[in-house]
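Presented below is the structure to which this report refers.
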Amino acid sequence: MRDTFLLRHGAKILGLGVLCALAIYAASSLFVAGSYVLAALPVLAAGIITYIFLSGRRYPIRWLVPGLLFLFVMVLYPIGYTFLGSLTNLGTGHMLPREQAIEQLLDRTYAPSNAERYSYLVFQDAAGSFVFLLQGRETILVLNGQATAISLPDERFVDETGDGQPDYILNYRRLETLEIVALLPTLQQVRVVYEGMTFGIDSLTEFSVQMPKYSYDEAAETMTDLETGMAYTVVQGIFTSEKGEEIYPGYRVWVGFANYIRLITNPQISAPFARVFLWTIAFAVLSVALSFTLGLGLAMLLNDPRIRMRTLYRVLVIVPYAIPSFVTILVWRGMLNQNFGVINQMLMSFFGSAGRVQWLENPWVAKAACLLVNLWLGYPYMMIVALGALQSIPHELYEASHVDGASRWQQFRKITLPMLLMPLAPLLIGSFAFNFNNFNLIYLLTQGRPAVPNTLTPAGATDILLSYTYRLSFEGQRGNQLGLACAVSVVIFLVIATISAINFRMTGTLEELSKNV
Amino acid sequence: MKRVVVLVLGVLLLAGIAATASVAGKLLIWADDTRTPIMQEVAAQFTAAYGVEVEIQQVGFSDMPGQLLTAGPAGEGPDILIGPHDKLGELIQNGLLEPIVLPTAVIREFNPSAITAFSWGGLLYGVPYAIENVALIYNKALLPVLPSTFEGLLTLAKGLTDIEAGTYGLLIQEPDPFHTFALHSAGGGYIFGFDANGVLNPCDVGLDNAGSIAGAKLLDQMVKDGIEVAGADYGLVTGLFGQGKLAAMIGGPWTLADVQKAGINYAVAAIPTIGGNVPKVFSGVQAFEISYYSKNKVLANLFVKDFLITKPVMLRLFELGNRPPCYLPALADLSGNADIQGFAAAGANSIPMPNIPQMNSVWGPWSDALALIVNQQLDPETAMKNAANQIRTTLGCP
Amino acid sequence: MYSRHTLIGSIVRHALLLLAVAFAMFPFLWVLSASFNVTDGMQMQRLIPPNPTLAHYKDLFTSPQYKFGIWLWNSVKISLITSAFVVALTALAAYSFSRFRFKGRRVGLLGLLLVQMFPQMLAIVALYVLLLTMGDFFPFAGMNTHTGLIMIYLGGAMGFNTWLMKGYFDTIPRSLEESAKVDGATPFQAFVRIILPLVRPILATIFVLTFISVYSDFMIASIVLRTAEQQTIPVGLRVLISDNYGNRWALFAAGAVISALPFLAVFLVAQRSLVSGLTRGGVKE
């Protein structure tokens with residue numbers, strides 16, 4: 001065992017070494033770039049991983065490291081981000097961080113009416129410095145950062161080609177259009193100040209007046225409009241004047257738990273809350289129950305060795321799963337069209353106009369339609385899982401009970417079902433949680449509609465908690481309110497986590513966790 | 001096993017391509033699939049003239065504002081993109097667009113209402129290339145003479161509707177506020193009113209005034225008479241029209257491509273008077289916009305001003321999208337085009353859709369009200385009143 | 001569990017299965033017939049199109065604007081790679097949860113389950129920033145790369161998959177590993193050489209479930225993948241119908257039909273393992 005020992009441990013040490021090196025590289029780059037908080041993360045992560053791999057006691061955790069690594073970065077970090085976002089007023093007009101918003105405002109320029117424009121020529125010397133010749137109302141030469149008016153002819157100019165324009169000024173050579181284009185990234189930054197006016201490049205041939213529009217007083221946190229003289233102070237992240245005018249963009253500010261308070265006290269949420277919540281629960285429970293029943297039933301049928309062509313059946317029956325759901329949901333929506341959908345057309349050919357079911361227009365039928373489509377989408381998953389789980393039930397149990405004279409139904413109830421529910425209970429709870437938040441289906445199939453007549457809130461008959469609250473966030477007062485939507489996510493997570501935790505306790509799943517070690 | 005590992009690693013390495021972003025010295029343009037061909041043609045010309053690389057990325061038209069919101073500030077956005085005017089307010093409030101300065105002479109070459117649609121705070125934020133509004137499109141074989149009143153049209157439509165045979169007289173795509181606005185506006189209905197300074201006042205909601213309710217009642221009557229049928233979405237309405245089973249529909253220029261392919265003898269006209277009043281329709285304007293986060297503003301401006309504002313390009317955009325150009329010289333060339341004239345006649349009294357973010361709160365309740373009416377679940381007056389009150393509540397109006 | 005063969009029983013079973021097949025296939029058949037339709041328009045079609053045409057299928061693969069072939073290849077590639085890694089990661093974690101006792105085991109398992117319940121709709125902005133930062137250090141794993149996308153999917157690998165696998169591992173008697181330990185094998189060797197072959201059904205299950213989940217994903221792929229050459233099928237197909245007034249239903253239907261094929265192929269291969277049954281030849285209980 002000696003040589004493999006060295007090999008294995010050598011590989012491990014090498015791997016850890018590479019990991020630490022990468023972490024230090026990442027941390028130092030982040031540090032240099034100024035993100036001190038972010039820079040600590042790779043070091044922390046590498047440190048923890050190294051500890052886990054070197055400590056004998058933490059051996060079991062080594063198995064978890066790869067999966068956990070991805071989990072932390074890809075799942076937990078967005079959750080953290082969402083939570084932090086819920087404490088801000090992120091939304092239309094408040095998307096940017098403060099520095100970026102101020103920077104953008106200070107970048108703004110204006111041109112006074114009747115501002116002059118100058119056509120320009122650019123000259124460059126061997127060292128790369130520039131000289132500009134502006135021609136308009138006056139002729140201005142920009143040399144060594146100074147702009148002075150000159151009169152032609154100037155002795156520093158050399159016109160070789162005889163086109164009336166200088167080809168050389170001192171040792172600066174005139175640049176062709178294509179050369180200007182190539183140098184634009186640099187040239188765009190150039191500002192020329194002359195007689196109190198600031199000029200900048202406007203196009204390939206012209207300079208125009210570009211006066212800064214705003215000036216910012218850091219201490220007083222006031223933005224002054226240099227064109228009109230109006231002063232703007234910060235109100236909730238937007239620069240607002242005394243008269244209430246606002247300049248955009250604003251920036252995002254911390255608002256503490258204001259979003260959560262709004263959620264709880266908003267009458268548009270509290271009024272339909274009971275109705276929407278009950279439907280959400282019913283939808284989730286029924287979806288799980290229906291798809292599990294159908295999935296399990298099909299799994300048992302397809303497990304039966306007496307049926308031939310099982311493979312063919314299995315493949316045909318799995319088809320709903322094979323097509324991306326946003327495609328199939330749209331197809332269902334078309335099929336359920338009241339007057340022109342296939343389903344009603346078939347029904348009407350049998351039952352006349354009584355067959356015209358208002359699938360998506362009648363509140364109760366629409367709820368049924370959601371369940372139907374969700375069943376169609378969900379049973380393949382249950383079937384696959386049940387197929388796998390059915391394998392884990394030892395045949396001897398069935399043989400023994402058969403010898404004891406048990407009927408098939410008794411076998412199902414006493415052997416199959418209990419032995420399935422043990423591993424599958426958490427999956428069913430998970431499926432419940434998934435459907436509780438099944439925004440995708442509701443949005444694509446009904447968008448929460450049909451509207452319930454005579455309510456003052458926009459909650460539709462098939463709206464689930466998540467779809468309704470998101471809609472409020474995005475169709476609210478002032479455009480998209482992402483901070484509010486983040487708060488919604490957190491609240492709904494708390495709701496569903498609580499329900500699931502209760503369910504776990506009730507199904508004895510937690511006890512199951514401590515078993516079998 | 002080892003070979004598989006090597007293969008997988010190799011594939012992973014090859015899979016990486018440098019992130020695409022607004023890079024100084026290279027232009028990145030977002031275009032939807034209808035406009036991508038023309039943008040590629042112009043891009044080739046631009047590259048030939050200036051040696052600057054231009055990349056066109058195909059993005060869904062309705063996805064662009066949302067994507068710009070995340071991509072722009074992160075430095076991943078385009079230099080130039082196209083956009084509808086009703087999203088303008090939202091984009092500007094998020095600081096995403098760069099004002100475009102055009103000489104007065106050039107501005108005069110554009111449809112003035114299009115320029116207004118893309119102006120905000122006195123600055124122009126887009127170069128408009130297409131303006132669209134709905135009109136009445138009818139099948140000349142089924143409807144040789146268009147009545148001058150809407151009521152007359154309805155009478156004819158009733159006669160032409162036979163549900164068993166699957167033929168219809170007049171269908172309005174359901175229950176779409178954009179298309180039914182004509183019914184409301186004829187009697188004086190509006191969405192947001194203007195205050196004394198000519199600025200939209202979001203708390204002046206006009207969806208439950210007399211004119212709007214009259215329009216809702218008209219829609220209700222159409223359903224009761226069997227003319228308007230629930231479930232008639234865009235695909236169905238244009239499909240029926242293309243098969244010659246629909247005499248008339250209210251539609252926009254985007255429907256013409258399929259109608260022409262089907263070979264129907266059609267005509268475009270203004271929507272007839274309703275109750276003696278000329279209905280107003282919504283107009284939507286599309287324009288080229290420059291992202292504030294572009295690192296190549298001079299080049300972007302050059303591209304737009306010198307290469308896009310030309311008659312050939314504007315005409316080509318018309319060919320691809322079927323929408324009347326905003327560029328007047330191009331429009332003049334199309335004076336012989338009956339369709340364009342028809343849309344222009346319908347749009348003579350058009351008003352641009354309001355471009356303030358508060359519009360987000362309007363479409364939902366309004367569509368719901370129309371759905372309730374079309375499905376005969378609520379009477380028109382209550383439905384519109386509820387919708388208007390819902391909007392007022394959402395916007396926090398007194 | 002299953003009693004003798006009877007004719008009536010056989011007929012009943014087949015009837016039930018046919019009913020299920022009809023329910024499952026009907027929308028698919030609708031989409032299939034639409035893809036052969038000459039004219040576009042979902043509401044206008046009949047079940048058997050009057051003049052069936054294969055033109056749309058040809059258009060899909062030859063159209064310069066819609067790079068369907070590339071999308072298909074991208075989707076299959078990404079889904080296969082992700083599923084393989086997910087199975088590996090999950091098996092490692094599940095084995096640890098099943099066999100070892102360590103601090104944080106209970107909390108960890110519970111946490112894995114709960115974390116998956118967080119509505120991830122707004123993860124968009126967070127992931128965007130994350131990818132950009134990653135792209136700065138590892139250009140092959142940043143924005144618009146398949147590697148970056150796969151890494152995001154791997155984040156969601158643990159969770160219910162781990163639970164499912166752990167439950168399955170629990171049913172395997174430990175005596176197998178005990179005897180291996182006596183022979184001098186490390187837990188990892190026992191895991192790879194003895195346990196893994198025994199749990200093929202559950203590995204196949206997780207592989208299949210992950211494959212389709214990754215394959216059909218639209219939200220995350222649409223944030224990460226920006227250029228047509230990099231995009232996957234759901235993202236590409238959506239372009240066909242995102243413009244509200246575009247009428248490309250038949251082309252879209254053809255795309256949907258073809259996009260179903262890879263998963264069906266994967267399922268066909270995997271379903272044998274799904275029901276292969278547990279071979280408990282190792283030790284008699």
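Chains: A, B, ... in order of the structure tokens. Residues: from 1 per chain. Ligands: from 1, in order shown.
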
What's around B:Asn209 at 8 Å? Count only C-alpha atoms, leave out sequence neighbours fewer than 3 positions away in its own chain, and write the answer as a ChimeraX atom specification.
/B:188-189,206,212-213

Residues near C:Leu264, anyone? I mean within 8 Å using only C-alpha atoms, not counting same-chain ones fewer than 2 positions away, as an MDAnalysis selection string.
(chainID A and resid 315 318:319 322) or (chainID C and resid 260:262 266:268)

Identify all residues of stretch 28-202 of chain C in helix (DSSP H, G or I) (DSSP on the backbone) and supply them as a VMD selection string.
chain C and resid 28 to 35 55 to 62 68 to 99 105 to 115 120 to 137 139 to 141 146 to 155 160 to 170 175 to 182 187 to 198 200 to 202

I'd like the contact shell of A:Ala368 - 12 Å cut-off, only C-alpha atoms, skipping same-chain residues fewer than 2 positions apart - returned as number ranges by chain.
A: 279, 282-283, 286-287, 290, 336, 357-366, 370-375, 446, 461-462

Output file for the residues above (C-alpha atoms, as a compact mmCIF listing (two decimals), in the first residue's frame):
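Everything below was put into out_38.txt:
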# COMPACT_ATOMS: atom_id res chain seq x y z
CA TRP A 279 -55.81 28.66 -4.30
CA ALA A 282 -54.87 23.92 -3.31
CA PHE A 283 -53.05 24.15 -6.61
CA LEU A 286 -53.65 18.86 -6.01
CA SER A 287 -50.85 19.07 -8.56
CA LEU A 290 -52.66 14.09 -9.22
CA LEU A 336 -57.91 25.42 -24.90
CA VAL A 357 -66.22 25.09 -22.45
CA GLN A 358 -64.80 28.40 -21.28
CA TRP A 359 -61.50 26.83 -20.39
CA LEU A 360 -59.58 29.97 -19.69
CA GLU A 361 -62.41 32.40 -19.14
CA ASN A 362 -64.51 30.87 -16.42
CA PRO A 363 -62.79 31.23 -13.03
CA TRP A 364 -63.40 27.67 -11.86
CA VAL A 365 -62.83 25.96 -15.16
CA ALA A 366 -59.62 27.91 -15.56
CA CYS A 370 -54.25 24.83 -14.75
CA LEU A 371 -54.39 21.55 -12.87
CA LEU A 372 -54.90 19.59 -16.07
CA VAL A 373 -51.94 21.13 -17.83
CA ASN A 374 -49.79 20.81 -14.74
CA LEU A 375 -50.73 17.16 -14.51
CA THR A 446 -53.35 32.20 -18.02
CA ALA A 461 -58.81 33.73 -10.57
CA THR A 462 -55.73 31.61 -11.24

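What separates atom CA of B:Gly159 from atom CA of A:Asn344 is a distance of 25.1 Å.
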
I'd like the contact shell of B:Ala186 - 6 Å cut-off, only C-alpha atoms, skipping same-chain residues fewer than 4 positions apart - returned as a list in words.
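So, after excluding close chain neighbours, the residues are Asn277, Val278 and Pro279 of chain B.
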
Contact residues around C:Arg200 with only C-alpha atoms at 8 Å, ignoring same-chain residues under 3 positions, as a PyMOL selection string
chain C and resi 196-197+203-204+273-274

Could you give me, as a PyMOL selection string, the residues within 9 Å of stretch 53-59 of chain A, counting only C-alpha atoms and dropping anything in the same chain fewer than 6 positions from it?
(chain A and resi 12-13+16) or (chain C and resi 102-103)

Chain B contacts to chain A at 9 Å (only C-alpha atoms) as JSON, numbers by chain:
{"B": [24, 25, 49, 50, 51, 52, 69, 73, 90, 91, 92, 93, 94, 95, 96, 229, 230, 231, 232, 236, 292, 295, 296, 297, 298, 299, 301, 302, 356, 357, 358, 359, 360, 361, 362, 363, 364, 365, 368, 369, 371, 372, 375, 377, 378, 382, 383, 386, 387, 389, 390, 393, 394, 395, 396]}

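What separates atom CA of C:Leu112 from atom CA of C:Met158 is a distance of 6.9 Å.
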
Chain B proximity check over C:Lys181, C:His56, C:Arg238, C:Arg99, using only C-alpha atoms: winner is C:Arg238

For atom CA of A:Lys414 and atom CA of A:Gly508, quote the distance in Å rounded to one decimal.
17.7 Å

A:Gly17, A:Gly355, A:Pro66, A:Gly237: which is nearest C:Ala93, counting only C-alpha atoms?
A:Pro66

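In this comparison, which uses only C-alpha atoms, the residue of B:Leu315, B:Leu219, B:Ile227, B:Leu240 approaching chain C most closely is B:Leu240.
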
Option closest in space to chain A, from C:Leu176, C:Ala190, C:Val107, C:Val224 [counting only C-alpha atoms]:
C:Val107
